[in-house]
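Containing TSV, C-alpha atoms: work_27.tsv.
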```
chain	number	residue	atom	x	y	z
A	1	MET	CA	39.64	-46.04	5.54
A	2	LEU	CA	38.70	-49.21	3.73
A	3	LYS	CA	35.28	-47.68	3.08
A	4	LYS	CA	36.86	-45.49	0.39
A	5	PHE	CA	37.53	-48.66	-1.63
A	6	PHE	CA	33.97	-49.98	-1.48
A	7	PRO	CA	32.59	-50.79	-4.93
A	8	ASN	CA	29.99	-48.01	-5.13
A	9	LYS	CA	32.58	-45.38	-4.16
A	10	ILE	CA	35.00	-46.55	-6.87
A	11	LEU	CA	32.33	-47.00	-9.54
A	12	ASN	CA	31.05	-43.50	-8.85
A	13	ILE	CA	34.40	-41.76	-9.43
A	14	LYS	CA	33.66	-39.18	-12.07
A	15	ASN	CA	35.68	-39.25	-15.27
A	16	LYS	CA	36.50	-35.60	-14.68
A	17	ASN	CA	38.21	-36.36	-11.35
A	18	PHE	CA	40.01	-39.21	-12.99
A	19	ASN	CA	41.32	-36.98	-15.75
A	20	ILE	CA	42.58	-34.52	-13.15
A	21	LEU	CA	44.60	-37.34	-11.54
A	22	ILE	CA	46.10	-38.33	-14.89
A	23	ILE	CA	47.00	-34.76	-15.80
A	24	LEU	CA	48.58	-34.28	-12.36
A	25	THR	CA	50.57	-37.50	-12.83
A	26	LEU	CA	51.85	-36.43	-16.24
A	27	ALA	CA	52.76	-32.98	-14.91
A	28	VAL	CA	54.73	-34.31	-11.92
A	29	VAL	CA	56.54	-36.96	-14.00
A	30	PHE	CA	57.35	-34.30	-16.63
A	31	VAL	CA	58.79	-31.90	-14.04
A	32	GLY	CA	60.75	-34.75	-12.43
A	33	THR	CA	62.13	-35.90	-15.78
A	34	VAL	CA	63.21	-32.42	-16.86
A	35	TYR	CA	64.75	-31.74	-13.44
A	36	GLY	CA	66.49	-35.11	-13.40
A	37	LEU	CA	67.83	-34.99	-16.95
A	38	PHE	CA	68.70	-31.31	-17.39
A	39	ILE	CA	68.71	-29.30	-14.16
A	40	SER	CA	70.35	-31.66	-11.66
A	41	PRO	CA	74.15	-31.97	-11.91
A	42	PRO	CA	76.14	-35.08	-12.90
A	43	ASP	CA	77.78	-37.04	-10.09
A	44	ARG	CA	81.44	-36.51	-9.20
A	45	ILE	CA	82.30	-40.16	-9.98
A	46	GLN	CA	79.43	-41.70	-11.92
A	47	GLY	CA	78.95	-38.74	-14.26
A	48	ASP	CA	75.64	-38.70	-16.09
A	49	SER	CA	74.72	-42.31	-15.31
A	50	VAL	CA	73.62	-41.07	-11.87
A	51	ARG	CA	70.42	-39.95	-13.62
A	52	ILE	CA	69.32	-43.58	-13.88
A	53	MET	CA	68.77	-43.32	-10.13
A	54	TYR	CA	65.73	-41.07	-10.65
A	55	VAL	CA	63.84	-44.05	-12.07
A	56	HIS	CA	65.66	-46.85	-10.25
A	57	VAL	CA	65.10	-45.70	-6.68
A	58	PRO	CA	61.38	-44.76	-7.01
A	59	ALA	CA	60.68	-48.05	-8.83
A	60	SER	CA	62.45	-50.10	-6.14
A	61	PHE	CA	60.82	-48.14	-3.33
A	62	LEU	CA	57.31	-48.57	-4.73
A	63	SER	CA	57.77	-52.23	-5.61
A	64	LEU	CA	58.70	-52.99	-1.98
A	65	GLY	CA	55.87	-50.82	-0.65
A	66	PHE	CA	53.24	-52.45	-2.83
A	67	PHE	CA	54.29	-55.94	-1.83
A	68	GLY	CA	54.05	-54.84	1.80
A	69	ILE	CA	50.48	-53.68	1.13
A	70	LEU	CA	49.77	-56.99	-0.63
A	71	GLY	CA	50.99	-58.86	2.47
A	72	ALA	CA	48.95	-56.72	4.84
A	73	ILE	CA	45.68	-57.05	2.92
A	74	SER	CA	46.28	-60.78	2.56
A	75	VAL	CA	46.44	-61.13	6.35
A	76	LEU	CA	43.22	-59.12	6.69
A	77	ASN	CA	41.69	-61.16	3.89
A	78	LEU	CA	42.44	-64.50	5.54
A	79	ILE	CA	41.12	-63.37	8.91
A	80	PHE	CA	38.10	-61.22	8.10
A	81	LYS	CA	37.19	-62.48	4.60
A	82	ILE	CA	36.40	-58.99	3.38
A	83	LYS	CA	35.05	-59.42	-0.14
A	84	ILE	CA	36.78	-56.49	-1.84
A	85	LEU	CA	40.32	-57.32	-0.65
A	86	PRO	CA	41.12	-59.97	-3.31
A	87	TYR	CA	40.21	-57.48	-6.02
A	88	ILE	CA	42.42	-54.81	-4.47
A	89	GLY	CA	45.35	-57.26	-4.33
A	90	LYS	CA	44.73	-58.44	-7.85
A	91	SER	CA	44.85	-54.82	-9.05
A	92	ILE	CA	48.03	-53.84	-7.19
A	93	ALA	CA	50.20	-56.85	-8.09
A	94	PRO	CA	50.88	-56.09	-11.79
A	95	ILE	CA	51.96	-52.53	-10.89
A	96	GLY	CA	54.42	-53.86	-8.33
A	97	PHE	CA	55.68	-56.45	-10.82
A	98	VAL	CA	56.39	-53.82	-13.47
A	99	PHE	CA	58.25	-51.62	-10.97
A	100	THR	CA	60.34	-54.57	-9.75
A	101	LEU	CA	61.27	-55.40	-13.33
A	102	LEU	CA	62.03	-51.73	-14.01
A	103	SER	CA	64.21	-51.57	-10.90
A	104	ILE	CA	66.23	-54.61	-11.97
A	105	LEU	CA	66.62	-53.44	-15.57
A	106	THR	CA	67.63	-49.87	-14.70
A	107	GLY	CA	69.96	-51.24	-12.03
A	108	SER	CA	71.58	-53.45	-14.62
A	109	LEU	CA	72.01	-50.51	-17.02
A	110	TRP	CA	73.67	-48.56	-14.20
A	111	GLY	CA	75.77	-51.48	-13.02
A	112	LYS	CA	77.58	-52.01	-16.31
A	113	PRO	CA	79.24	-48.55	-16.50
A	114	THR	CA	79.67	-48.25	-12.72
A	115	TRP	CA	80.65	-51.69	-11.41
A	116	GLY	CA	81.76	-53.14	-14.72
A	117	VAL	CA	79.16	-55.96	-14.59
A	118	TRP	CA	75.48	-56.17	-15.59
A	119	TRP	CA	74.57	-58.50	-12.75
A	120	ALA	CA	76.05	-59.85	-9.53
A	121	TRP	CA	74.64	-62.54	-7.27
A	122	ASP	CA	74.86	-60.40	-4.17
A	123	ALA	CA	72.16	-60.43	-1.48
A	124	ARG	CA	70.39	-57.24	-2.62
A	125	LEU	CA	70.13	-58.17	-6.30
A	126	THR	CA	69.19	-61.77	-5.61
A	127	SER	CA	66.49	-60.89	-3.07
A	128	MET	CA	65.06	-58.41	-5.58
A	129	LEU	CA	64.88	-61.22	-8.16
A	130	VAL	CA	63.05	-63.32	-5.56
A	131	LEU	CA	60.54	-60.48	-5.16
A	132	LEU	CA	59.98	-60.50	-8.93
A	133	ILE	CA	59.26	-64.24	-8.82
A	134	PHE	CA	56.80	-63.79	-5.94
A	135	TYR	CA	54.94	-61.08	-7.86
A	136	LEU	CA	54.89	-63.27	-10.97
A	137	THR	CA	53.54	-66.31	-9.10
A	138	TYR	CA	50.87	-64.18	-7.46
A	139	ILE	CA	49.72	-62.83	-10.82
A	140	LEU	CA	49.87	-66.17	-12.64
A	141	ILE	CA	47.78	-67.96	-10.01
A	142	TRP	CA	45.05	-65.35	-10.33
A	143	LYS	CA	45.25	-65.74	-14.08
A	144	PHE	CA	45.24	-69.51	-14.48
A	145	LEU	CA	43.49	-70.92	-11.41
A	146	GLU	CA	39.79	-70.88	-12.21
A	147	ASN	CA	38.46	-71.68	-8.77
A	148	PHE	CA	38.15	-68.25	-7.14
A	149	ASN	CA	38.32	-69.38	-3.51
A	150	ALA	CA	41.36	-71.57	-4.08
A	151	ALA	CA	43.15	-68.79	-5.98
A	152	ASN	CA	42.28	-66.34	-3.22
A	153	THR	CA	43.72	-68.51	-0.43
A	154	ILE	CA	46.86	-69.49	-2.32
A	155	THR	CA	47.66	-65.92	-3.40
A	156	CYS	CA	47.17	-64.73	0.20
A	157	PHE	CA	49.76	-67.23	1.43
A	158	ILE	CA	52.15	-66.30	-1.38
A	159	ALA	CA	51.86	-62.63	-0.46
A	160	ILE	CA	52.37	-63.33	3.26
A	161	VAL	CA	55.35	-65.64	2.71
A	162	GLY	CA	56.81	-63.14	0.21
A	163	SER	CA	56.50	-60.35	2.75
A	164	PHE	CA	59.31	-61.93	4.76
A	165	ASN	CA	61.52	-61.04	1.82
A	166	ILE	CA	60.78	-57.30	2.15
A	167	PRO	CA	62.94	-56.62	5.26
A	168	VAL	CA	65.57	-58.94	3.78
A	169	ILE	CA	65.76	-56.75	0.66
A	170	LYS	CA	65.74	-53.56	2.72
A	171	TYR	CA	68.48	-54.60	5.15
A	172	SER	CA	70.48	-56.96	2.89
A	173	VAL	CA	73.02	-54.19	2.26
A	174	GLU	CA	73.63	-53.83	6.00
A	175	TRP	CA	73.48	-57.45	7.13
A	176	TRP	CA	75.89	-58.83	4.55
A	177	ASN	CA	78.73	-57.61	2.38
A	178	THR	CA	77.06	-56.70	-0.90
A	179	LEU	CA	78.20	-55.11	-4.11
A	180	HIS	CA	75.16	-52.84	-3.93
A	181	GLN	CA	75.79	-49.70	-1.88
A	182	THR	CA	73.91	-49.05	1.38
A	183	SER	CA	70.87	-46.77	1.45
A	184	SER	CA	71.49	-43.07	0.94
A	185	ILE	CA	68.20	-42.03	2.49
A	186	THR	CA	67.48	-43.32	5.99
A	187	LEU	CA	65.13	-42.29	8.77
A	188	THR	CA	67.92	-41.97	11.31
A	189	SER	CA	70.53	-39.78	9.63
A	190	ALA	CA	70.88	-37.04	7.04
A	191	PRO	CA	70.69	-38.22	3.42
A	192	THR	CA	74.03	-38.76	1.70
A	193	ILE	CA	72.62	-37.46	-1.57
A	194	HIS	CA	73.25	-33.82	-2.36
A	195	TYR	CA	70.00	-31.82	-2.29
A	196	SER	CA	70.30	-30.98	-6.00
A	197	MET	CA	69.86	-34.70	-6.68
A	198	LEU	CA	67.44	-35.35	-3.84
A	199	ILE	CA	64.82	-32.94	-5.20
A	200	PRO	CA	64.28	-34.68	-8.59
A	201	LEU	CA	64.37	-38.04	-6.78
A	202	ILE	CA	61.52	-37.04	-4.47
A	203	ILE	CA	59.52	-35.54	-7.37
A	204	MET	CA	59.91	-38.81	-9.29
A	205	ILE	CA	58.81	-40.89	-6.30
A	206	LEU	CA	55.68	-38.74	-6.07
A	207	GLY	CA	55.14	-38.93	-9.85
A	208	LEU	CA	55.42	-42.70	-10.05
A	209	PHE	CA	53.22	-43.04	-6.97
A	210	LEU	CA	50.49	-40.96	-8.65
A	211	TYR	CA	50.91	-43.08	-11.77
A	212	SER	CA	50.44	-46.23	-9.69
A	213	LEU	CA	47.35	-44.77	-8.06
A	214	ALA	CA	45.82	-43.99	-11.46
A	215	VAL	CA	46.59	-47.44	-12.86
A	216	PHE	CA	45.36	-49.08	-9.66
A	217	LEU	CA	42.01	-47.24	-9.80
A	218	MET	CA	41.57	-48.19	-13.46
A	219	ARG	CA	42.32	-51.86	-12.84
A	220	TYR	CA	40.24	-52.01	-9.67
A	221	LYS	CA	37.27	-50.38	-11.38
A	222	THR	CA	37.54	-52.88	-14.25
A	223	GLU	CA	37.56	-55.77	-11.76
A	224	LEU	CA	34.43	-54.40	-10.08
A	225	ILE	CA	32.61	-53.95	-13.40
A	226	LYS	CA	33.52	-57.53	-14.38
A	227	LEU	CA	32.16	-58.72	-11.04
A	228	LYS	CA	28.89	-56.85	-11.59
A	229	LEU	CA	28.50	-58.26	-15.11
A	230	ASN	CA	29.15	-61.80	-13.84
A	231	LYS	CA	26.43	-61.41	-11.22
A	232	LYS	CA	24.01	-60.11	-13.84
A	233	ASN	CA	24.78	-63.00	-16.19
A	234	LYS	CA	24.17	-65.48	-13.41
A	235	LYS	CA	20.77	-63.95	-12.69
A	236	ILE	CA	19.75	-64.15	-16.35
A	237	ASN	CA	20.80	-67.77	-16.60
B	1	MET	CA	34.92	-57.50	18.02
B	2	LEU	CA	36.32	-60.68	16.49
B	3	THR	CA	34.03	-63.60	15.90
B	4	ARG	CA	35.15	-66.99	17.21
B	5	LYS	CA	35.96	-68.19	13.72
B	6	ALA	CA	38.08	-65.12	13.03
B	7	LYS	CA	39.88	-65.61	16.35
B	8	SER	CA	40.85	-69.17	15.50
B	9	ARG	CA	42.09	-68.00	12.11
B	10	VAL	CA	44.22	-65.33	13.81
B	11	SER	CA	45.89	-67.87	16.11
B	12	LEU	CA	46.47	-70.33	13.28
B	13	LEU	CA	48.01	-67.60	11.15
B	14	LEU	CA	50.22	-66.41	14.04
B	15	VAL	CA	51.54	-69.93	14.66
B	16	LEU	CA	52.26	-70.39	10.95
B	17	LEU	CA	53.99	-67.00	10.67
B	18	VAL	CA	56.21	-67.52	13.72
B	19	THR	CA	57.22	-71.03	12.58
B	20	PHE	CA	57.89	-69.84	9.08
B	21	GLY	CA	59.84	-66.81	10.32
B	22	MET	CA	62.07	-69.05	12.43
B	23	VAL	CA	62.69	-71.47	9.56
B	24	ILE	CA	63.72	-68.57	7.33
B	25	PHE	CA	65.95	-67.16	10.06
B	26	PHE	CA	67.81	-70.45	10.51
B	27	ILE	CA	68.19	-70.96	6.78
B	28	PHE	CA	69.77	-67.53	6.48
B	29	LYS	CA	71.97	-68.15	9.51
B	30	SER	CA	73.31	-71.40	8.06
B	31	LEU	CA	73.88	-69.82	4.66
B	32	GLU	CA	75.71	-66.82	6.10
B	33	ASP	CA	78.99	-67.57	4.31
B	34	ASN	CA	77.28	-67.90	0.94
B	35	LEU	CA	75.20	-64.77	1.39
B	36	VAL	CA	78.14	-62.41	1.55
B	37	TYR	CA	79.26	-61.23	-1.86
B	38	PHE	CA	82.85	-60.74	-0.75
B	39	PHE	CA	85.14	-61.08	2.26
B	40	SER	CA	87.12	-58.21	3.73
B	41	PRO	CA	90.87	-58.69	4.25
B	42	THR	CA	90.24	-58.99	8.02
B	43	GLU	CA	87.64	-61.70	7.47
B	44	ILE	CA	90.14	-63.57	5.28
B	45	HIS	CA	92.78	-63.09	7.98
B	46	ASN	CA	90.50	-64.62	10.64
B	47	LYS	CA	89.00	-67.31	8.43
B	48	MET	CA	89.99	-70.88	9.28
B	49	ASP	CA	88.62	-72.84	6.37
B	50	ILE	CA	90.08	-71.06	3.37
B	51	SER	CA	90.10	-72.90	0.07
B	52	TYR	CA	93.04	-72.08	-2.18
B	53	LYS	CA	91.49	-73.97	-5.07
B	54	GLU	CA	88.09	-72.32	-5.26
B	55	LYS	CA	87.36	-68.81	-6.40
B	56	ILE	CA	86.79	-66.21	-3.75
B	57	ARG	CA	85.91	-62.52	-3.74
B	58	VAL	CA	87.79	-59.98	-1.67
B	59	GLY	CA	86.45	-56.47	-1.18
B	60	GLY	CA	87.62	-53.25	0.42
B	61	LEU	CA	89.27	-50.00	-0.53
B	62	VAL	CA	92.12	-49.65	-3.01
B	63	LYS	CA	95.01	-48.44	-0.88
B	64	GLU	CA	96.33	-44.99	-1.78
B	65	ASN	CA	99.53	-45.05	-3.90
B	66	SER	CA	99.41	-48.83	-4.18
B	67	ILE	CA	98.50	-49.21	-7.87
B	68	ASN	CA	101.35	-50.40	-10.11
B	69	LYS	CA	100.62	-50.74	-13.80
B	70	ASP	CA	102.78	-52.60	-16.26
B	71	GLY	CA	101.19	-52.89	-19.67
B	72	THR	CA	97.93	-54.78	-19.16
B	73	SER	CA	98.95	-56.28	-15.85
B	74	ILE	CA	98.29	-54.39	-12.68
B	75	ASN	CA	98.84	-54.93	-8.99
B	76	PHE	CA	97.38	-53.07	-6.05
B	77	ILE	CA	96.49	-53.49	-2.38
B	78	ILE	CA	92.98	-53.98	-1.00
B	79	THR	CA	92.67	-52.68	2.52
B	80	ASP	CA	89.94	-52.46	5.15
B	81	LEU	CA	92.23	-50.19	7.19
B	82	LYS	CA	93.15	-53.13	9.48
B	83	ASN	CA	94.47	-55.82	7.16
B	84	GLU	CA	95.66	-55.79	3.58
B	85	ILE	CA	95.76	-58.16	0.63
B	86	ILE	CA	97.89	-57.76	-2.47
B	87	VAL	CA	96.05	-58.33	-5.75
B	88	LEU	CA	97.67	-59.35	-9.04
B	89	TYR	CA	95.54	-58.96	-12.14
B	90	SER	CA	95.77	-58.56	-15.85
B	91	GLY	CA	92.92	-57.49	-18.08
B	92	SER	CA	90.48	-54.65	-18.41
B	93	ILE	CA	89.48	-52.65	-15.36
B	94	PRO	CA	86.21	-50.73	-14.81
B	95	ASN	CA	86.31	-46.95	-15.27
B	96	LEU	CA	85.49	-46.26	-11.66
B	97	PHE	CA	88.46	-48.23	-10.36
B	98	SER	CA	90.78	-45.80	-8.55
B	99	GLU	CA	92.78	-45.30	-5.40
B	100	GLY	CA	90.81	-44.78	-2.22
B	101	LYS	CA	87.63	-46.18	-3.80
B	102	GLY	CA	85.75	-49.42	-3.20
B	103	VAL	CA	86.67	-52.51	-5.16
B	104	VAL	CA	85.84	-56.21	-5.32
B	105	ALA	CA	88.39	-58.62	-6.79
B	106	GLU	CA	87.48	-62.18	-7.77
B	107	GLY	CA	90.08	-64.92	-8.07
B	108	LYS	CA	92.11	-67.53	-6.20
B	109	LEU	CA	94.12	-66.90	-3.08
B	110	LYS	CA	97.78	-67.92	-3.15
B	111	ASP	CA	98.06	-67.33	0.55
B	112	LYS	CA	96.30	-65.07	3.05
B	113	LYS	CA	98.10	-62.01	1.70
B	114	LEU	CA	98.02	-62.58	-2.06
B	115	LEU	CA	95.13	-62.88	-4.51
B	116	ILE	CA	95.50	-63.76	-8.18
B	117	ALA	CA	92.41	-62.05	-9.59
B	118	ASP	CA	90.69	-62.73	-12.88
B	119	LYS	CA	87.94	-60.15	-12.46
B	120	ILE	CA	87.85	-56.66	-10.99
B	121	ILE	CA	84.56	-54.96	-10.08
B	122	ALA	CA	84.33	-51.37	-8.89
B	123	LYS	CA	82.08	-50.66	-5.93
B	124	HIS	CA	80.21	-47.41	-5.54
B	125	ASP	CA	79.39	-45.97	-2.13
B	126	GLU	CA	76.17	-44.33	-0.98
B	127	ASN	CA	77.42	-40.76	-1.44
B	128	TYR	CA	76.06	-38.76	-4.34
B	129	MET	CA	77.32	-35.25	-5.00
B	130	PRO	CA	78.04	-32.93	-7.90
B	131	PRO	CA	81.71	-32.26	-8.84
B	132	GLU	CA	81.64	-28.65	-7.61
B	133	VAL	CA	80.59	-29.69	-4.11
B	134	LYS	CA	83.35	-32.28	-4.04
B	135	LYS	CA	85.91	-29.60	-4.97
B	136	ALA	CA	84.55	-27.21	-2.35
B	137	LEU	CA	84.77	-29.93	0.29
B	138	GLU	CA	88.39	-30.64	-0.64
B	139	ASN	CA	89.31	-26.95	-0.53
B	140	ASN	CA	87.91	-26.67	2.98
B	141	GLN	CA	90.07	-29.49	4.28
```

Take the structure in the file and write it out as structure tokens.
Amino acid sequence: MLKKFFPNKILNIKNKNFNILIILTLAVVFVGTVYGLFISPPDRIQGDSVRIMYVHVPASFLSLGFFGILGAISVLNLIFKIKILPYIGKSIAPIGFVFTLLSILTGSLWGKPTWGVWWAWDARLTSMLVLLIFYLTYILIWKFLENFNAANTITCFIAIVGSFNIPVIKYSVEWWNTLHQTSSITLTSAPTIHYSMLIPLIIMILGLFLYSLAVFLMRYKTELIKLKLNKKNKKIN
Amino acid sequence: MLTRKAKSRVSLLLVLLVTFGMVIFFIFKSLEDNLVYFFSPTEIHNKMDISYKEKIRVGGLVKENSINKDGTSINFIITDLKNEIIVLYSGSIPNLFSEGKGVVAEGKLKDKKLLIADKIIAKHDENYMPPEVKKALENNQ
């Protein structure tokens, strides 16, 4: 599976295929937005502010997922020293960071009219803030540490340590009393979201995932081109 | 499949992960009381070391027919269906505050049955449904 991410495969992606991905992303996000804002009904208690969920839940979901991937490739990276893994991690992290920030901001916008407060130091919100800090540290070390090998090792450990936070975020609402409600979609029981709200939610998850994929490919390709140029420059010198 | 170097890295990583996991677990265990956002009336009832000077949060459901309003001051009962706590409060209340719904009240306990609150936060549950479905469900009952 990793072979798909080898440099020559990525560098050979045709612009045409890339444009198809972007158009598909825009189409899915457009359908999800229209469905979420106009077709799906308001909630019986929250009213129209329920629509914030169609961005909040996909953003949270993806930010957790991407950090999980970051942790997994960091383990592989430390053990097998596969050369492309640092570049994959480096390309995923900013996407996860933006989604974490988006999740916190949309949550805050929803919290004010629903709970009556913008922020609460409950376990779910706090652990999400910790995730944001982990993402930020990961990104900043890549940015400011000039020694590649040192940056690679440190970021791997940050990603692995931060991965312990992922189950804490996921289960915080069940382990402790939190202001944040428990999950509406679980693997074990029927969702507690009415299907008219579940459909736009799933479309938006798909849309934001496609968006992430497009941004990831762009960033990863840029990293690989930079790498190639560096090698060339070294040869000339 | 694994080279010797890779094998030693795997074992080192495993040891580090297990140690770190245990440290985290014990930190969380010892912080348990600070990690909960609120206590339920039953937890307050069973709690030995209650401070009547420090602020505390109590959460549960607003008991049906328990809300009494008098100008800006309001009193109601928080219940977890086993134990109850009376809450006295004056000030603005969130829109979603209503009988039978989740609530968190922050303030100082007078005794185990009475809370003088200075902040009321509404809690939303994990159920999402349009108004028509809600009505249909009620009609079926």

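The gap separating atom CA of Lys83 of chain A from atom CA of Thr153 of chain A is 12.6 Å, in Å to one decimal.
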
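Between Ile139 of chain A and the candidates A:Ala27, A:Ile160, A:Ala93, A:Val57, the tightest atom-to-atom separation, counting all atoms listed in the file, involves A:Ala93.
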
Nearest candidate to Ala151 of chain A (options A:Gly107, A:Gly207, A:Gly116, A:Gly89; using all atoms listed in the file):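 Looking at the shortest contact to Ala151 of chain A, the residue is A:Gly89.
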
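Across the structure, atom CA of Pro42 of chain A and atom CA of Tyr128 of chain B are spaced 9.3 Å apart.
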
Judged by all atoms listed in the file, the minimum distance to Trp118 of chain A among A:Asn233, A:Ile13, A:Val98, A:Leu105 is found for A:Leu105

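One finds atom CA of Lys101 of chain B at 7.4 Å from atom CA of Lys123 of chain B.
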
Residues of chain A were defined as contacting chain B if any atom lay at most 7 Å from it, counting all atoms listed in the file; please report them as JSON, numbers by chain. {"A": [41, 42, 43, 44, 79, 80, 114, 115, 116, 122, 123, 176, 177, 178, 179, 181, 182, 183, 184, 192, 193, 194]}

Considering all atoms listed in the file, return as a VMD selection string whatever protein or nucleic-acid residues lie within 9 Å of Ile10 of chain A, sequence-local ones (same chain, fewer than 4 positions apart) excluded. chain A and resid 4 to 6 217 220 to 221 224

Edge lengths and centre in Å to one decimal, as AutoDock Vina command-line options, of the axis-aligned box that encloses all listed atoms of segment 153-161 of chain A with 4 Å added on every side?
```
--center_x 49.5 --center_y -66.1 --center_z -0.1 --size_x 19.6 --size_y 14.9 --size_z 14.7
```

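Considering the residues B:Ile67, B:Leu31, B:Ala117, B:Ile56 and counting only C-alpha atoms, Val87 of chain B has its shortest atom-to-atom contact with B:Ala117.
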
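Comparing the minimum interatomic distances between Tyr195 of chain A and each of A:Ser40, A:Trp121, A:Leu129, A:Ser172, counting only C-alpha atoms, we find that A:Ser40 sits nearest.
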
From the options B:Lys108, B:Lys113, B:Lys82, B:Arg4, which residue's atoms come nearest to Ser51 of chain B, counting only C-alpha atoms? B:Lys108

Would you kindly return, as a PyMOL selection string, each protein, DNA or RNA residue with an atom no farther than 10 Å from any atom of Leu114 of chain B, considering all atoms listed in the file and excluding same-chain residues fewer than 4 positions away? chain B and resi 77+84-88+108-110

Env of Gly71 of chain A: 12 Å cut, atoms = all atoms listed in the file, seq-sep filter 6 positions within chain, self excluded. Answer as a PyMOL selection string. (chain A and resi 64-65+77-78+85-86+88-89+92-93+134-135+138+155-166) or (chain B and resi 17)

Need to verify the contact set: segment 196-200 of chain A, 7 Å, all atoms listed in the file, exclusion of same-chain residues closer than 6 positions in sequence. Can you return it as an MDAnalysis selection string? chainID A and resid 32 35:36 40 54

Neighbourhood query: residues within 12 Å of (51.9, -57.0, -12.3), file coordinates, counting all atoms listed in the file; return as a count of residues only. 35

Will you model N, CA and C atoms for segment 52-68 of chain B and pass it back as an mmCIF file, keeping the file's coordinate frame?
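Written file, out.cif:
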```cif
data_model
loop_
_atom_site.group_PDB
_atom_site.id
_atom_site.type_symbol
_atom_site.label_atom_id
_atom_site.label_comp_id
_atom_site.auth_asym_id
_atom_site.auth_seq_id
_atom_site.Cartn_x
_atom_site.Cartn_y
_atom_site.Cartn_z
ATOM 1 N N TYR B 52 92.132 -72.736 -1.240
ATOM 2 C CA TYR B 52 93.040 -72.080 -2.180
ATOM 3 C C TYR B 52 92.783 -72.542 -3.598
ATOM 4 N N LYS B 53 91.788 -73.453 -3.742
ATOM 5 C CA LYS B 53 91.490 -73.970 -5.070
ATOM 6 C C LYS B 53 90.252 -73.313 -5.660
ATOM 7 N N GLU B 54 89.325 -72.911 -4.755
ATOM 8 C CA GLU B 54 88.090 -72.320 -5.260
ATOM 9 C C GLU B 54 88.203 -70.819 -5.354
ATOM 10 N N LYS B 55 87.356 -70.261 -6.232
ATOM 11 C CA LYS B 55 87.360 -68.810 -6.400
ATOM 12 C C LYS B 55 86.748 -68.132 -5.185
ATOM 13 N N ILE B 56 87.261 -66.949 -4.910
ATOM 14 C CA ILE B 56 86.790 -66.210 -3.750
ATOM 15 C C ILE B 56 86.771 -64.727 -4.123
ATOM 16 N N ARG B 57 85.909 -63.953 -3.470
ATOM 17 C CA ARG B 57 85.910 -62.520 -3.740
ATOM 18 C C ARG B 57 86.397 -61.759 -2.508
ATOM 19 N N VAL B 58 87.285 -60.812 -2.744
ATOM 20 C CA VAL B 58 87.790 -59.980 -1.670
ATOM 21 C C VAL B 58 87.411 -58.541 -1.965
ATOM 22 N N GLY B 59 86.876 -57.852 -0.961
ATOM 23 C CA GLY B 59 86.450 -56.470 -1.180
ATOM 24 C C GLY B 59 87.000 -55.536 -0.138
ATOM 25 N N GLY B 60 87.135 -54.274 -0.503
ATOM 26 C CA GLY B 60 87.620 -53.250 0.420
ATOM 27 C C GLY B 60 87.947 -52.003 -0.363
ATOM 28 N N LEU B 61 88.857 -51.209 0.172
ATOM 29 C CA LEU B 61 89.270 -50.000 -0.530
ATOM 30 C C LEU B 61 90.614 -50.238 -1.210
ATOM 31 N N VAL B 62 90.798 -49.601 -2.362
ATOM 32 C CA VAL B 62 92.120 -49.650 -3.010
ATOM 33 C C VAL B 62 93.025 -48.707 -2.229
ATOM 34 N N LYS B 63 94.119 -49.252 -1.710
ATOM 35 C CA LYS B 63 95.010 -48.440 -0.880
ATOM 36 C C LYS B 63 95.635 -47.311 -1.707
ATOM 37 N N GLU B 64 95.724 -46.136 -1.086
ATOM 38 C CA GLU B 64 96.330 -44.990 -1.780
ATOM 39 C C GLU B 64 97.769 -45.325 -2.177
ATOM 40 N N ASN B 65 98.169 -44.869 -3.363
ATOM 41 C CA ASN B 65 99.530 -45.050 -3.900
ATOM 42 C C ASN B 65 99.966 -46.519 -3.977
ATOM 43 N N SER B 66 99.000 -47.423 -4.137
ATOM 44 C CA SER B 66 99.410 -48.830 -4.180
ATOM 45 C C SER B 66 99.288 -49.423 -5.587
ATOM 46 N N ILE B 67 98.717 -48.655 -6.529
ATOM 47 C CA ILE B 67 98.500 -49.210 -7.870
ATOM 48 C C ILE B 67 99.798 -49.162 -8.677
ATOM 49 N N ASN B 68 100.198 -50.337 -9.192
ATOM 50 C CA ASN B 68 101.350 -50.400 -10.110
ATOM 51 C C ASN B 68 100.878 -50.984 -11.429
#
```
